[in-house]
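Asks: Once you've had a glance at the structure underneath, I'll fire off some questions.
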Amino acid sequence: MSRPAHGGGCTRCHRTGVRIVTIWPEGRICRRCYERATRIHGTCPGCAQHRLLPGLLEGAPACTDCTGIPSNFRCTRCGREDEPVRTGLCAHCCLADDLTTVLDDGTGTIAAPLRPLFTALTSQKNARSARIWLTVNPQAEQLLRDIAQGHVPLTHETFRNHPSAAKVAFLRALCIEHQLLEPVNLDIEGFHTWLQTKTGALPDPDALLISQYARWTHLNRMRHLESTGALKKGTFLAAKQSTTMAIGFLDHLRARGHCLQECTQHDVDSWLAEGPTTRSTARSFVRWAIEHGHLPAVEFPYRTAQTTPVISQAQRLAHIRALADPSAPIPGAQRVAALFLLLYGQPLTRISRMSLDQVHDTGDRLTVAFSNDRLEIPPPFDEIVRAHLNALPNTNTSAHRQNTWLFPGTRPGQHMHQNSIMMALRERGIEILGARNAALRALVLEMPAPVVADALHYSYSVTDRHRRDTGATFTDYITSRSTGP
């Protein structure tokens, strides 16, 4: 690093009053710009070599030789050109040193059960993120030390009983991903823990009833869906809401001076009429309680939506044009997910779980499969998807041992959560359900509804309903009349 300079602003970010840490041929460089510049790798536009690109050549990141930067960023141990962390050492070598100390079994060697984790962390592309993770998670670091030295066993029980279980949850998921622990569904376990907390705050009769309901109805269903590979993130949210509303219904009865066996139809009607629409999710509990003799026979109707949200086709096309604009600062994952929503009417629950093998690239033709049929992705959208495939997020760390997800998430071995995608798209002004309905309505006007259903993995009744909602039945009638005898 060149001699720090004082006074004046940063040449790159033009901020004043910041600490200047070096002077390069282009001018003064502040700490923030220096750290950003020394983390950029790629092909230098000047010499066409893959190197660290801290400098600027005609506005594009370039290597030190092509930009005349005097600093030497090569690690004195491994020779890698990278961001300097400690004197002469890159982030990868520093990470290896730090982990060797943390995972020491007391004899100066890495504990045998933790060697796969050491290999995974030290071989990841972004070593800096692993160092930061260890630094900001002292609980995880201490647990690794305790496991390495044999103070606690490397088991699921150790993580469950940890006083800061939430703070070591990522480490546990990492151990599962790299086969240090046997596979277990952490979401099902999380629901079970949440249920225990909920029922622990209830009086005994209610606690037993809610526990039985949640176990027989929700936990059994979760385990069945997991065994068939159909378990989705939304299942847990729905189960929590249903259970919470069941508890609320019991409170409602108690406030009206009734126990469960004294429930009347008027109690049910007032419950539904006097609160938000989410109260309708208590129906599952009420039906279960009636079936098992805990509740008299009462009617608890299904809630039906009064309207179908849908954006206009002009709004839909405007969103698509914005996504197709290469200059728009939209992350690749958000761009592709939004396109699958707006072009093919796919729900976010399905998009978030897409696997890499659903997209096939022959070089001349890019296709996507939502069912047994493969659909060609037309230009310019094919290049957007290709760009995403070439720069998959969250794959520069050890979180994914053998990634198979089209949208890999931050949790080890898991895809992006649908809620993360939903919030990102909503921030861009995209109304999720309205956009999906608009896409399906446009598609059923272009193709027969059964063809759309088969290609996009929908039921015939869904696509037929969308065709009717577009007024296509009346249009078909007018067309047949005008072309008839």
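We name chains A, B, ... following the order of the structure tokens; residues begin at 1 in each chain, and ligands are numbered from 1 as shown.
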Write out as a list in words the residues lying within 12 Å of Gln196 (chain A), counting only C-alpha atoms and excluding same-chain residues fewer than 3 positions away.

Replies: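 Surrounding residues, per the criterion: Glu189, Gly190, Phe191, His192, Thr193, Thr199, Gly200, Ala201, Leu202, Ala207, Leu208, Ile210, Ser211, Gln212, Ala214, Arg215 and Thr243 of chain A.
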
Asks: Mind checking which residues fall within 10 Å of Arg350 (chain A), counting only C-alpha atoms, ignoring those fewer than 5 positions away in the same chain, and posting them as a list in words?

Replies: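 My reading of the contact set: Lys232, Leu341, Phe370, Gln418 and His457 of chain A.
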
Asks: Can you tell me, as a ChimeraX atom specification, what residues are no more than 9 Å from Asn137 (chain A) when counting only C-alpha atoms, ignoring any on the same chain fewer than 4 positions away?

Replies: /A:132-133,141-142,167-168

Asks: Which one is closest to Phe340 (chain A): A:Asp373, A:Asp82, A:Asp382, A:Asp361? Count only C-alpha atoms.

Replies: A:Asp382

Asks: Within 12 Å of Thr307 (chain A), counting only C-alpha atoms, which residues qualify if same-chain residues fewer than 6 places away don't, as number ranges by chain?

Replies: A: 433-434, 437, 469

Asks: Mind listing the helix (DSSP H, G or I) residues of region 170-291 of chain A, per DSSP on the backbone, as a ChimeraX atom specification?

Replies: /A:170-177,186-200,204-227,233-255,260-262,265-273,277-291

Asks: Taking C-alpha atoms for each residue, export the selection above as an mmCIF file, in the first residue's frame.

Replies:
```cif
data_model
loop_
_atom_site.group_PDB
_atom_site.id
_atom_site.type_symbol
_atom_site.label_atom_id
_atom_site.label_comp_id
_atom_site.auth_asym_id
_atom_site.auth_seq_id
_atom_site.Cartn_x
_atom_site.Cartn_y
_atom_site.Cartn_z
ATOM 1 C CA PHE A 170 -25.761 -21.863 10.485
ATOM 2 C CA LEU A 171 -22.816 -23.948 11.687
ATOM 3 C CA ARG A 172 -25.163 -26.870 12.245
ATOM 4 C CA ALA A 173 -26.587 -26.527 8.730
ATOM 5 C CA LEU A 174 -23.033 -26.355 7.379
ATOM 6 C CA CYS A 175 -22.147 -29.582 9.183
ATOM 7 C CA ILE A 176 -25.214 -31.277 7.670
ATOM 8 C CA GLU A 177 -24.362 -30.013 4.190
ATOM 9 C CA LEU A 186 -34.335 -28.208 10.447
ATOM 10 C CA ASP A 187 -37.646 -26.592 9.496
ATOM 11 C CA ILE A 188 -39.678 -29.468 10.950
ATOM 12 C CA GLU A 189 -37.527 -29.384 14.055
ATOM 13 C CA GLY A 190 -37.993 -25.626 14.225
ATOM 14 C CA PHE A 191 -41.766 -25.986 14.057
ATOM 15 C CA HIS A 192 -41.640 -28.548 16.844
ATOM 16 C CA THR A 193 -39.612 -26.149 19.017
ATOM 17 C CA TRP A 194 -41.972 -23.290 18.183
ATOM 18 C CA LEU A 195 -44.952 -25.468 19.135
ATOM 19 C CA GLN A 196 -43.433 -26.329 22.499
ATOM 20 C CA THR A 197 -42.901 -22.644 23.229
ATOM 21 C CA LYS A 198 -46.472 -21.797 22.232
ATOM 22 C CA THR A 199 -48.133 -24.552 24.228
ATOM 23 C CA GLY A 200 -45.868 -23.882 27.220
ATOM 24 C CA ASP A 204 -53.102 -27.311 30.691
ATOM 25 C CA PRO A 205 -56.332 -28.269 28.883
ATOM 26 C CA ASP A 206 -55.607 -25.939 25.950
ATOM 27 C CA ALA A 207 -51.922 -26.877 25.811
ATOM 28 C CA LEU A 208 -52.693 -30.586 25.460
ATOM 29 C CA LEU A 209 -55.390 -29.994 22.854
ATOM 30 C CA ILE A 210 -53.293 -27.656 20.690
ATOM 31 C CA SER A 211 -50.290 -29.980 20.955
ATOM 32 C CA GLN A 212 -52.375 -32.972 19.812
ATOM 33 C CA TYR A 213 -53.905 -30.996 16.950
ATOM 34 C CA ALA A 214 -50.574 -29.622 15.679
ATOM 35 C CA ARG A 215 -48.835 -32.987 15.916
ATOM 36 C CA TRP A 216 -51.561 -35.048 14.238
ATOM 37 C CA THR A 217 -52.524 -32.499 11.619
ATOM 38 C CA HIS A 218 -49.413 -30.479 10.789
ATOM 39 C CA LEU A 219 -46.372 -32.473 11.872
ATOM 40 C CA ASN A 220 -47.685 -35.695 10.342
ATOM 41 C CA ARG A 221 -48.403 -33.863 7.094
ATOM 42 C CA MET A 222 -44.944 -32.258 7.083
ATOM 43 C CA ARG A 223 -43.227 -35.610 7.517
ATOM 44 C CA HIS A 224 -45.315 -37.151 4.754
ATOM 45 C CA LEU A 225 -44.538 -34.275 2.375
ATOM 46 C CA GLU A 226 -40.858 -34.514 3.248
ATOM 47 C CA SER A 227 -40.816 -38.221 2.432
ATOM 48 C CA LYS A 233 -41.399 -23.463 2.984
ATOM 49 C CA GLY A 234 -44.955 -22.164 2.853
ATOM 50 C CA THR A 235 -46.146 -25.296 4.670
ATOM 51 C CA PHE A 236 -44.478 -24.151 7.893
ATOM 52 C CA LEU A 237 -45.876 -20.653 7.685
ATOM 53 C CA ALA A 238 -49.368 -21.994 7.065
ATOM 54 C CA ALA A 239 -49.041 -24.452 9.961
ATOM 55 C CA LYS A 240 -47.913 -21.708 12.340
ATOM 56 C CA GLN A 241 -50.751 -19.427 11.297
ATOM 57 C CA SER A 242 -53.324 -22.191 11.604
ATOM 58 C CA THR A 243 -52.062 -23.149 15.068
ATOM 59 C CA THR A 244 -51.936 -19.521 16.209
ATOM 60 C CA MET A 245 -55.524 -18.988 15.053
ATOM 61 C CA ALA A 246 -56.588 -22.185 16.840
ATOM 62 C CA ILE A 247 -55.199 -20.756 20.081
ATOM 63 C CA GLY A 248 -56.974 -17.497 19.316
ATOM 64 C CA PHE A 249 -60.267 -19.337 18.798
ATOM 65 C CA LEU A 250 -59.948 -20.976 22.216
ATOM 66 C CA ASP A 251 -59.289 -17.550 23.760
ATOM 67 C CA HIS A 252 -62.364 -16.233 21.926
ATOM 68 C CA LEU A 253 -64.546 -18.943 23.449
ATOM 69 C CA ARG A 254 -63.156 -18.318 26.900
ATOM 70 C CA ALA A 255 -63.851 -14.596 26.591
ATOM 71 C CA LEU A 260 -64.779 -25.915 23.812
ATOM 72 C CA GLN A 261 -67.618 -28.397 24.438
ATOM 73 C CA GLU A 262 -70.059 -25.481 24.860
ATOM 74 C CA GLN A 265 -72.728 -21.658 15.946
ATOM 75 C CA HIS A 266 -73.056 -18.084 17.145
ATOM 76 C CA ASP A 267 -69.551 -18.327 18.679
ATOM 77 C CA VAL A 268 -68.132 -19.406 15.302
ATOM 78 C CA ASP A 269 -70.013 -16.711 13.402
ATOM 79 C CA SER A 270 -68.845 -13.950 15.735
ATOM 80 C CA TRP A 271 -65.252 -15.224 15.524
ATOM 81 C CA LEU A 272 -65.312 -14.940 11.732
ATOM 82 C CA ALA A 273 -67.240 -11.672 11.583
ATOM 83 C CA THR A 277 -59.724 -12.842 7.359
ATOM 84 C CA THR A 278 -56.805 -14.849 8.768
ATOM 85 C CA ARG A 279 -59.262 -16.155 11.385
ATOM 86 C CA SER A 280 -60.612 -18.454 8.685
ATOM 87 C CA THR A 281 -57.454 -20.573 9.027
ATOM 88 C CA ALA A 282 -58.857 -21.878 12.343
ATOM 89 C CA ARG A 283 -61.196 -24.032 10.225
ATOM 90 C CA SER A 284 -58.690 -26.889 10.194
ATOM 91 C CA PHE A 285 -58.625 -26.961 14.000
ATOM 92 C CA VAL A 286 -62.421 -26.737 14.323
ATOM 93 C CA ARG A 287 -62.970 -29.601 11.861
ATOM 94 C CA TRP A 288 -60.344 -31.712 13.668
ATOM 95 C CA ALA A 289 -61.913 -30.954 17.075
ATOM 96 C CA ILE A 290 -65.388 -31.950 15.798
ATOM 97 C CA GLU A 291 -64.044 -35.171 14.286
#
```

Asks: For CA of Pro448 (chain A) and CA of Ser352 (chain A), determine how far apart the two atoms are, in Å to one decimal place.

Replies: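 Taking CA of Pro448 (chain A) as the start and CA of Ser352 (chain A) as the end point, the length is 27.1 Å.
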
Asks: Among region 236-459 of chain A, which residues does DSSP mark as strand (DSSP E) when it is run on the backbone? Keep the chain and numbering as in the structure and answer as a list in words.

Replies: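 DSSP-assigned strand (DSSP E) residues in region 236-459 of chain A: Val359, His360, Asp361, Leu366, Thr367, Val368, Ala369, Arg374, Leu375 and Glu376 of chain A.
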
Asks: Quick one, how far is CA of Arg468 (chain A) from CA of Leu440 (chain A)?

Replies: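 CA of Leu440 (chain A) lies at a distance of 11.6 Å from CA of Arg468 (chain A).
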
Asks: At a cut-off of 10 Å, using only C-alpha atoms, what residues contact Leu348 (chain A)? Leave out same-chain residues fewer than 2 positions from it and give the result as a PyMOL selection string.

Replies: chain A and resi 337-338+340-341+345-346+350-354+417-422+432-433+436

Asks: Between CA of Ala424 (chain A) and CA of Glu383 (chain A), what is the distance in Å, rounded to a tenth?

Replies: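 Spanning CA of Ala424 (chain A) to CA of Glu383 (chain A) is a straight-line distance of 21.4 Å.
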
Asks: Neighbours of Leu56 (chain A) within 10 Å (only C-alpha atoms; same-chain residues fewer than 5 positions away dropped), as a ChimeraX atom specification?

Replies: /A:12,25-26,37,44-45,61-64,66-69

Asks: Show me, as a PyMOL selection string, the residues that have an atom within 8 Å of region 384-393 of chain A when counting only C-alpha atoms, minus same-chain residues fewer than 2 positions from it.

Replies: chain A and resi 324+332-333+335-336+380-382+395-396+406-409

Asks: Grab the residues selected above and save them as a CSV table (one decimal), in the first residue's frame with all heavy atoms.

Replies:
```csv
chain,number,residue,atom,x,y,z
A,324,ALA,N,-35.8,-6.4,-18.9
A,324,ALA,CA,-35.0,-6.7,-20.1
A,324,ALA,C,-33.9,-5.6,-20.3
A,324,ALA,O,-33.0,-5.8,-21.1
A,324,ALA,CB,-35.9,-6.8,-21.3
A,332,GLY,N,-29.2,-10.5,-10.7
A,332,GLY,CA,-29.6,-11.6,-11.7
A,332,GLY,C,-30.7,-12.5,-11.2
A,332,GLY,O,-31.6,-12.8,-11.9
A,333,ALA,N,-30.6,-12.9,-9.9
A,333,ALA,CA,-31.6,-13.8,-9.4
A,333,ALA,C,-33.0,-13.2,-9.4
A,333,ALA,O,-34.0,-13.8,-9.8
A,333,ALA,CB,-31.2,-14.3,-8.0
A,335,ARG,N,-34.0,-10.8,-11.3
A,335,ARG,CA,-34.4,-10.6,-12.7
A,335,ARG,C,-35.0,-11.8,-13.3
A,335,ARG,O,-36.1,-11.8,-13.9
A,335,ARG,CB,-33.2,-10.1,-13.5
A,335,ARG,CG,-33.5,-9.4,-14.8
A,335,ARG,CD,-32.3,-9.1,-15.6
A,335,ARG,NE,-31.4,-8.1,-15.0
A,335,ARG,CZ,-31.4,-6.8,-15.3
A,335,ARG,NH1,-32.2,-6.4,-16.3
A,335,ARG,NH2,-30.6,-6.0,-14.7
A,336,VAL,N,-34.3,-13.0,-13.1
A,336,VAL,CA,-34.8,-14.2,-13.7
A,336,VAL,C,-36.1,-14.7,-13.0
A,336,VAL,O,-37.0,-15.1,-13.7
A,336,VAL,CB,-33.7,-15.3,-13.6
A,336,VAL,CG1,-34.2,-16.7,-14.0
A,336,VAL,CG2,-32.5,-14.9,-14.4
A,380,PRO,N,-34.8,-11.3,-25.7
A,380,PRO,CA,-33.4,-11.2,-25.1
A,380,PRO,C,-33.4,-11.9,-23.7
A,380,PRO,O,-32.4,-11.8,-23.0
A,380,PRO,CB,-33.2,-9.7,-24.9
A,380,PRO,CG,-34.6,-9.2,-24.6
A,380,PRO,CD,-35.5,-10.0,-25.4
A,381,PHE,N,-34.5,-12.6,-23.4
A,381,PHE,CA,-34.6,-13.2,-22.0
A,381,PHE,C,-33.6,-14.4,-21.9
A,381,PHE,O,-33.2,-14.7,-20.7
A,381,PHE,CB,-36.0,-13.6,-21.8
A,381,PHE,CG,-37.0,-12.5,-22.1
A,381,PHE,CD1,-38.0,-12.7,-23.0
A,381,PHE,CD2,-36.9,-11.3,-21.4
A,381,PHE,CE1,-38.9,-11.6,-23.3
A,381,PHE,CE2,-37.8,-10.3,-21.7
A,381,PHE,CZ,-38.8,-10.4,-22.6
A,382,ASP,N,-33.3,-15.0,-23.0
A,382,ASP,CA,-32.4,-16.2,-22.9
A,382,ASP,C,-31.0,-15.7,-22.3
A,382,ASP,O,-30.4,-16.4,-21.5
A,382,ASP,CB,-32.3,-16.9,-24.2
A,382,ASP,CG,-31.8,-16.0,-25.3
A,382,ASP,OD1,-31.9,-14.7,-25.2
A,382,ASP,OD2,-31.4,-16.5,-26.4
A,395,THR,N,-22.7,-19.1,-4.2
A,395,THR,CA,-21.9,-20.3,-4.6
A,395,THR,C,-20.4,-20.1,-4.4
A,395,THR,O,-19.6,-20.9,-4.8
A,395,THR,CB,-22.2,-20.7,-6.0
A,395,THR,OG1,-22.0,-19.6,-6.9
A,395,THR,CG2,-23.6,-21.2,-6.1
A,396,ASN,N,-20.0,-18.9,-3.9
A,396,ASN,CA,-18.6,-18.7,-3.6
A,396,ASN,C,-18.1,-19.1,-2.2
A,396,ASN,O,-17.0,-18.8,-1.8
A,396,ASN,CB,-18.2,-17.2,-3.9
A,396,ASN,CG,-18.3,-16.8,-5.3
A,396,ASN,OD1,-18.0,-17.7,-6.2
A,396,ASN,ND2,-18.6,-15.6,-5.6
A,406,LEU,N,-31.4,-23.6,-8.9
A,406,LEU,CA,-31.3,-22.5,-9.8
A,406,LEU,C,-31.2,-21.2,-9.0
A,406,LEU,O,-30.5,-20.3,-9.5
A,406,LEU,CB,-32.5,-22.5,-10.7
A,406,LEU,CG,-32.5,-21.4,-11.8
A,406,LEU,CD1,-31.3,-21.6,-12.8
A,406,LEU,CD2,-33.8,-21.4,-12.6
A,407,PHE,N,-31.7,-21.2,-7.8
A,407,PHE,CA,-31.7,-20.0,-7.0
A,407,PHE,C,-31.1,-20.4,-5.6
A,407,PHE,O,-31.9,-20.6,-4.6
A,407,PHE,CB,-33.0,-19.3,-6.8
A,407,PHE,CG,-33.6,-18.9,-8.1
A,407,PHE,CD1,-34.6,-19.6,-8.7
A,407,PHE,CD2,-33.2,-17.7,-8.7
A,407,PHE,CE1,-35.2,-19.2,-9.9
A,407,PHE,CE2,-33.8,-17.3,-9.9
A,407,PHE,CZ,-34.8,-18.1,-10.5
A,408,PRO,N,-29.8,-20.7,-5.5
A,408,PRO,CA,-29.2,-21.2,-4.2
A,408,PRO,C,-29.3,-20.1,-3.2
A,408,PRO,O,-29.2,-18.9,-3.5
A,408,PRO,CB,-27.8,-21.5,-4.6
A,408,PRO,CG,-27.5,-20.7,-5.9
A,408,PRO,CD,-28.8,-20.7,-6.6
A,409,GLY,N,-29.7,-20.5,-2.0
A,409,GLY,CA,-29.9,-19.5,-0.9
A,409,GLY,C,-28.7,-19.4,0.0
A,409,GLY,O,-27.6,-20.0,-0.2
```
